[in-house]
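Contents: one structure, followed by commentary.
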Amino acid sequence: MSKKLLVLGGTKEARELIDRLALCDNVETTASLAGATKAPLPLAVTARSGGFGGVVGLKKYLQEHQITTLIDATHPFATQITANARHACEASDVEYLRLTRPPWQPSNADTWYQFADLSQAIAALPAGARVFSAIGSKEAARLSSRPDVFWVVRALDAELEAKVSDTCQVIIEKPRTRVEDEIHLLRSLRVDAVLAKNSGGSAGYNKIAAARHLSLPLYLVDQPKNTAPTERVFHSLDQLLEMIR
Ligand code: NAP
């Protein structure tokens with residue numbers, strides 16, 4: 001019997017998973033995106049976009065589309081959709097699997113300050129510092145709680161400039177794909193520290209490597225706790241595909 005899969009995406013890992021699932025026999029895959037990115041790259045399977053309407057809406061979707069397995073491949077910090085997915089699966093008797101990234105680990109050459117949440121990390125920054133923020137646009141407004149810090153905010157939201165304070169420079173771009181380019185950026189901005197989420201994975205790692213190269217301290221927010229049973233959580237795409245097969 002073929003499986004009907006729903007992949008919750010929005011990450012590089014989800015895209016890789018979808019590419020592999022598109023080649024698998026006996027699985028019918030639908031991808032789901034939050035709809036925040038205005039022109040997402042095309043996906044190799046049928047895709048839908050936009051919220052489901054909380055747990056109730058997601059449960060209804062799972063039932064109506066006879067989904068057998070939901071694969072949550074959302075970002076480690078996308079906690080709301082992950083909680084909703086777990087509840088909806090439990091209530092609908094749908095298999096829940098999580099594909100996620102282990103957090104980055106410091107090396108001896110790093111100066112890391114690690115915090116349980118973003119508020120603590122923002123509060124700990126030294127007064128008067130120039131800080132490069134890589135936390136994205138969703139929570140950028142929270143940086144204004146520290147008007148004594150000069151922020152350089154990198155994000156993808158072109159309207160961000162209007163949402164953040166005057167003590168701020170906004171750079172609308174994706175993380176740079178070469179470490180040398182991240183080093184060049186941080187050096188040219190003359191920042192004293194970097195604020196980031198410990199997202200793990202390869203896509204955002206270059207800023208961590210660049211901060212190490214320039215001996216800049218990193219203020220890192222820990223990943224939210226993963227509450228799914230360990231046998232349902234995968235860091236390896238191959239192991240997850242093995243489980244599905
Ligand atoms: P979130 O706070 O956990 O979710 C907020 C709401 O957005 C959810 O309740 C859900 O709406 C909807 N949603 C989120 N992901 C969805 C998906 N894949 N398909 C359909 N609806 C989805 O999520 P977020 O932090 O705003 O992240 C949104 C998306 O961006 C996620 O897909 C995530 O993978 C990606 N992303 C997040 C970050 C980050 O730092 N948070 C970074 C990079 C990429 P309903 O309740 O109406 O269903």
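Residue numbering restarts at 1 for every chain of the structure tokens, chains are lettered A, B, ... in their displayed order, and ligands are numbered from 1 as they appear.
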
Give the residues close to ligand 1, within 7 Å, counting only C-alpha atoms and all ligand atoms; write them as a short mmCIF file (atom, residue, chain, number, x, y, z; two decimals) with N, CA and C atoms, in the first residue's frame.
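Output saved as result.cif:
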data_model
loop_
_atom_site.label_atom_id
_atom_site.label_comp_id
_atom_site.auth_asym_id
_atom_site.auth_seq_id
_atom_site.Cartn_x
_atom_site.Cartn_y
_atom_site.Cartn_z
N LEU A 8 6.31 19.13 6.00
CA LEU A 8 6.29 20.54 6.41
C LEU A 8 7.69 21.10 6.17
N GLY A 9 7.78 22.10 5.30
CA GLY A 9 9.10 22.54 4.85
C GLY A 9 9.49 23.93 5.30
N GLY A 10 10.26 24.59 4.43
CA GLY A 10 10.77 25.92 4.76
C GLY A 10 12.24 25.90 5.09
N THR A 11 12.91 24.76 4.84
CA THR A 11 14.33 24.62 5.13
C THR A 11 15.03 23.96 3.93
N SER A 32 4.39 21.31 2.18
CA SER A 32 3.67 22.46 2.72
C SER A 32 4.64 23.55 3.13
N LEU A 33 4.38 24.77 2.65
CA LEU A 33 5.21 25.92 3.03
C LEU A 33 4.35 26.94 3.76
N ALA A 34 4.97 27.69 4.65
CA ALA A 34 4.22 28.67 5.45
C ALA A 34 3.67 29.80 4.57
N ALA A 36 5.62 32.47 3.72
CA ALA A 36 6.28 33.73 4.07
C ALA A 36 7.18 34.22 2.93
N SER A 49 0.51 26.08 0.16
CA SER A 49 1.16 27.19 0.86
C SER A 49 0.19 27.86 1.84
N GLY A 50 0.72 28.29 2.98
CA GLY A 50 -0.08 29.01 3.97
C GLY A 50 -0.44 28.15 5.16
N GLY A 51 -0.74 28.82 6.28
CA GLY A 51 -1.09 28.09 7.51
C GLY A 51 -2.32 27.22 7.34
N PHE A 52 -2.45 26.23 8.23
CA PHE A 52 -3.59 25.31 8.18
C PHE A 52 -4.75 25.82 9.03
N GLY A 53 -4.44 26.76 9.94
CA GLY A 53 -5.45 27.21 10.90
C GLY A 53 -5.31 26.43 12.20
N GLY A 54 -4.08 26.41 12.72
CA GLY A 54 -3.84 25.77 14.03
C GLY A 54 -3.99 24.25 13.98
N VAL A 55 -4.06 23.68 15.19
CA VAL A 55 -4.14 22.21 15.31
C VAL A 55 -5.41 21.69 14.63
N GLY A 57 -7.19 22.96 12.19
CA GLY A 57 -7.10 23.01 10.73
C GLY A 57 -6.17 21.94 10.17
N LEU A 58 -5.06 21.72 10.86
CA LEU A 58 -4.11 20.72 10.39
C LEU A 58 -4.70 19.31 10.51
N ALA A 73 9.85 18.88 8.73
CA ALA A 73 11.23 19.27 8.38
C ALA A 73 11.37 20.78 8.49
N THR A 74 10.60 21.38 9.39
CA THR A 74 10.66 22.84 9.56
C THR A 74 11.92 23.21 10.35
N HIS A 75 12.16 24.50 10.40
CA HIS A 75 13.35 25.04 11.07
C HIS A 75 13.31 24.70 12.56
N PHE A 77 13.76 26.44 15.05
CA PHE A 77 13.14 27.50 15.85
C PHE A 77 11.68 27.75 15.48
N ALA A 78 11.13 26.97 14.56
CA ALA A 78 9.71 27.13 14.19
C ALA A 78 8.87 26.28 15.15
N THR A 79 8.76 26.75 16.38
CA THR A 79 8.20 25.91 17.46
C THR A 79 6.68 25.74 17.38
N GLN A 80 6.00 26.74 16.84
CA GLN A 80 4.53 26.66 16.83
C GLN A 80 4.04 25.56 15.90
N ILE A 81 4.58 25.55 14.69
CA ILE A 81 4.12 24.54 13.72
C ILE A 81 4.51 23.14 14.18
N THR A 82 5.66 23.03 14.83
CA THR A 82 6.10 21.71 15.33
C THR A 82 5.15 21.21 16.42
N ASN A 84 2.04 22.14 16.84
CA ASN A 84 0.75 21.85 16.18
C ASN A 84 0.79 20.51 15.48
N ILE A 135 19.49 36.96 13.32
CA ILE A 135 18.32 36.23 13.84
C ILE A 135 17.14 36.23 12.88
N GLY A 136 17.27 36.95 11.76
CA GLY A 136 16.17 37.01 10.79
C GLY A 136 15.24 38.17 11.07
#

* To do: as number ranges by chain, list the residues of range 155-188 of chain A assigned to helix (DSSP H, G or I) by DSSP on the backbone atoms of this structure.
  => A: 160-163, 179-188

* To do: Take CA of Lys138 in chain A and CA of Leu5 in chain A and report the distance between them in Å, one decimal.
  =>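 So the two atoms, CA of Lys138 in chain A and CA of Leu5 in chain A, lie 28.4 Å apart.
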
Counting only C-alpha atoms, which residues of range 89-111 of chain A fall within 8 Å of range 215-224 of chain A, and what is the closest atom pair for each with its distance in Å at one decimal, ordered by chain and rising number, as JSON lines?
{"residue": "A:Pro103", "atom": "CA", "partner": "A:Gln223", "partner_atom": "CA", "distance": 7.0}
{"residue": "A:Ala109", "atom": "CA", "partner": "A:Ser215", "partner_atom": "CA", "distance": 7.9}
{"residue": "A:Asp110", "atom": "CA", "partner": "A:Ser215", "partner_atom": "CA", "distance": 7.2}
{"residue": "A:Thr111", "atom": "CA", "partner": "A:Pro217", "partner_atom": "CA", "distance": 4.9}

Could you write out that same residue set with C-alpha atoms as a PDB file, in the first residue's frame?
ATOM      1  CA  PRO A 103      23.055  22.391  16.981  1.00  0.00           C
ATOM      2  CA  ALA A 109      38.972  28.891  18.990  1.00  0.00           C
ATOM      3  CA  ASP A 110      35.447  30.213  19.635  1.00  0.00           C
ATOM      4  CA  THR A 111      34.136  32.670  22.203  1.00  0.00           C
TER       5      THR A 111
END

* **CA of Glu90 in chain A to CA of Thr37 in chain A, distance in Å rounded to a single decimal** =>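 Going from CA of Glu90 in chain A over to CA of Thr37 in chain A, I get 29.0 Å.
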
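The gap separating CA of Thr29 in chain A from CA of Thr230 in chain A is 23.7 Å, in Å to one decimal.
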
* For each of A:Arg98, A:Arg20, A:His213, A:Lys59, take the minimum atom-to-atom distance to Ala44 in chain A, counting only C-alpha atoms, then give the residue where this is smallest. =>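 Among A:Arg98, A:Arg20, A:His213, A:Lys59, it is A:Arg20 that comes nearest to Ala44 in chain A.
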
Could you list, as a PDB file with C-alpha atoms, in the first residue's frame, every residue within 10 Å of range 207-212 of chain A, counting only C-alpha atoms and ignoring same-chain residues fewer than 3 positions away?
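Output below, filename part_2.pdb:
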ATOM      1  CA  TRP A 104      26.531  23.695  16.128  1.00  0.00           C
ATOM      2  CA  PRO A 106      31.947  25.476  19.736  1.00  0.00           C
ATOM      3  CA  SER A 107      35.599  24.793  18.972  1.00  0.00           C
ATOM      4  CA  ASN A 108      38.474  25.863  21.220  1.00  0.00           C
ATOM      5  CA  ALA A 109      38.972  28.891  18.990  1.00  0.00           C
ATOM      6  CA  ASP A 110      35.447  30.213  19.635  1.00  0.00           C
ATOM      7  CA  THR A 111      34.136  32.670  22.203  1.00  0.00           C
ATOM      8  CA  TRP A 112      30.525  31.641  22.609  1.00  0.00           C
ATOM      9  CA  PHE A 132      25.637  41.934  13.651  1.00  0.00           C
ATOM     10  CA  ALA A 134      21.544  37.132  12.022  1.00  0.00           C
ATOM     11  CA  PRO A 175      23.691  34.399   4.261  1.00  0.00           C
ATOM     12  CA  ARG A 176      26.720  34.397   1.963  1.00  0.00           C
ATOM     13  CA  THR A 177      27.654  31.007   0.531  1.00  0.00           C
ATOM     14  CA  ARG A 178      31.444  31.429   0.923  1.00  0.00           C
ATOM     15  CA  VAL A 179      33.156  31.895   4.295  1.00  0.00           C
ATOM     16  CA  GLU A 180      35.521  34.473   2.738  1.00  0.00           C
ATOM     17  CA  ASP A 181      32.510  36.597   1.805  1.00  0.00           C
ATOM     18  CA  GLU A 182      31.060  36.422   5.329  1.00  0.00           C
ATOM     19  CA  ILE A 183      34.495  37.392   6.717  1.00  0.00           C
ATOM     20  CA  HIS A 184      34.666  40.306   4.295  1.00  0.00           C
ATOM     21  CA  LEU A 185      31.167  41.464   5.306  1.00  0.00           C
ATOM     22  CA  LEU A 186      31.753  41.281   9.073  1.00  0.00           C
ATOM     23  CA  ARG A 187      35.145  42.971   8.732  1.00  0.00           C
ATOM     24  CA  VAL A 191      31.139  44.816  14.314  1.00  0.00           C
ATOM     25  CA  ASP A 192      32.189  43.798  17.842  1.00  0.00           C
ATOM     26  CA  ALA A 193      29.899  40.754  18.186  1.00  0.00           C
ATOM     27  CA  VAL A 194      27.449  38.484  16.349  1.00  0.00           C
ATOM     28  CA  ALA A 196      22.483  34.397  16.044  1.00  0.00           C
ATOM     29  CA  ASN A 198      22.089  28.073  17.000  1.00  0.00           C
ATOM     30  CA  ALA A 203      23.437  26.910   5.212  1.00  0.00           C
ATOM     31  CA  GLY A 204      24.062  29.374   8.055  1.00  0.00           C
ATOM     32  CA  SER A 215      37.854  36.407  16.882  1.00  0.00           C
ATOM     33  CA  LEU A 216      34.409  37.958  17.334  1.00  0.00           C
ATOM     34  CA  PRO A 217      32.291  36.779  20.262  1.00  0.00           C
ATOM     35  CA  LEU A 218      29.076  34.981  19.360  1.00  0.00           C
ATOM     36  CA  LEU A 220      23.952  32.304  20.466  1.00  0.00           C
TER      37      LEU A 220
END

* Mind listing the strand (DSSP E) residues of range 57-127 of chain A, per DSSP on the backbone, as a VMD selection string? => chain A and resid 69 to 72 95 to 99 112 to 115

Saved selection, atoms kept: C-alpha atoms, as an mmCIF file, in the first residue's frame:
data_model
loop_
_atom_site.group_PDB
_atom_site.id
_atom_site.type_symbol
_atom_site.label_atom_id
_atom_site.label_comp_id
_atom_site.auth_asym_id
_atom_site.auth_seq_id
_atom_site.Cartn_x
_atom_site.Cartn_y
_atom_site.Cartn_z
ATOM 1 C CA THR A 69 2.813 10.143 7.711
ATOM 2 C CA LEU A 70 3.687 13.755 8.468
ATOM 3 C CA ILE A 71 7.367 14.673 8.213
ATOM 4 C CA ASP A 72 8.152 17.839 10.099
ATOM 5 C CA GLU A 95 2.704 8.889 12.055
ATOM 6 C CA TYR A 96 4.873 11.896 13.075
ATOM 7 C CA LEU A 97 8.541 12.042 12.023
ATOM 8 C CA ARG A 98 10.932 14.952 12.609
ATOM 9 C CA LEU A 99 13.884 15.819 10.382
ATOM 10 C CA TRP A 112 30.525 31.641 22.609
ATOM 11 C CA TYR A 113 27.947 32.935 25.040
ATOM 12 C CA GLN A 114 24.928 30.636 24.966
ATOM 13 C CA PHE A 115 21.418 31.581 26.081
#
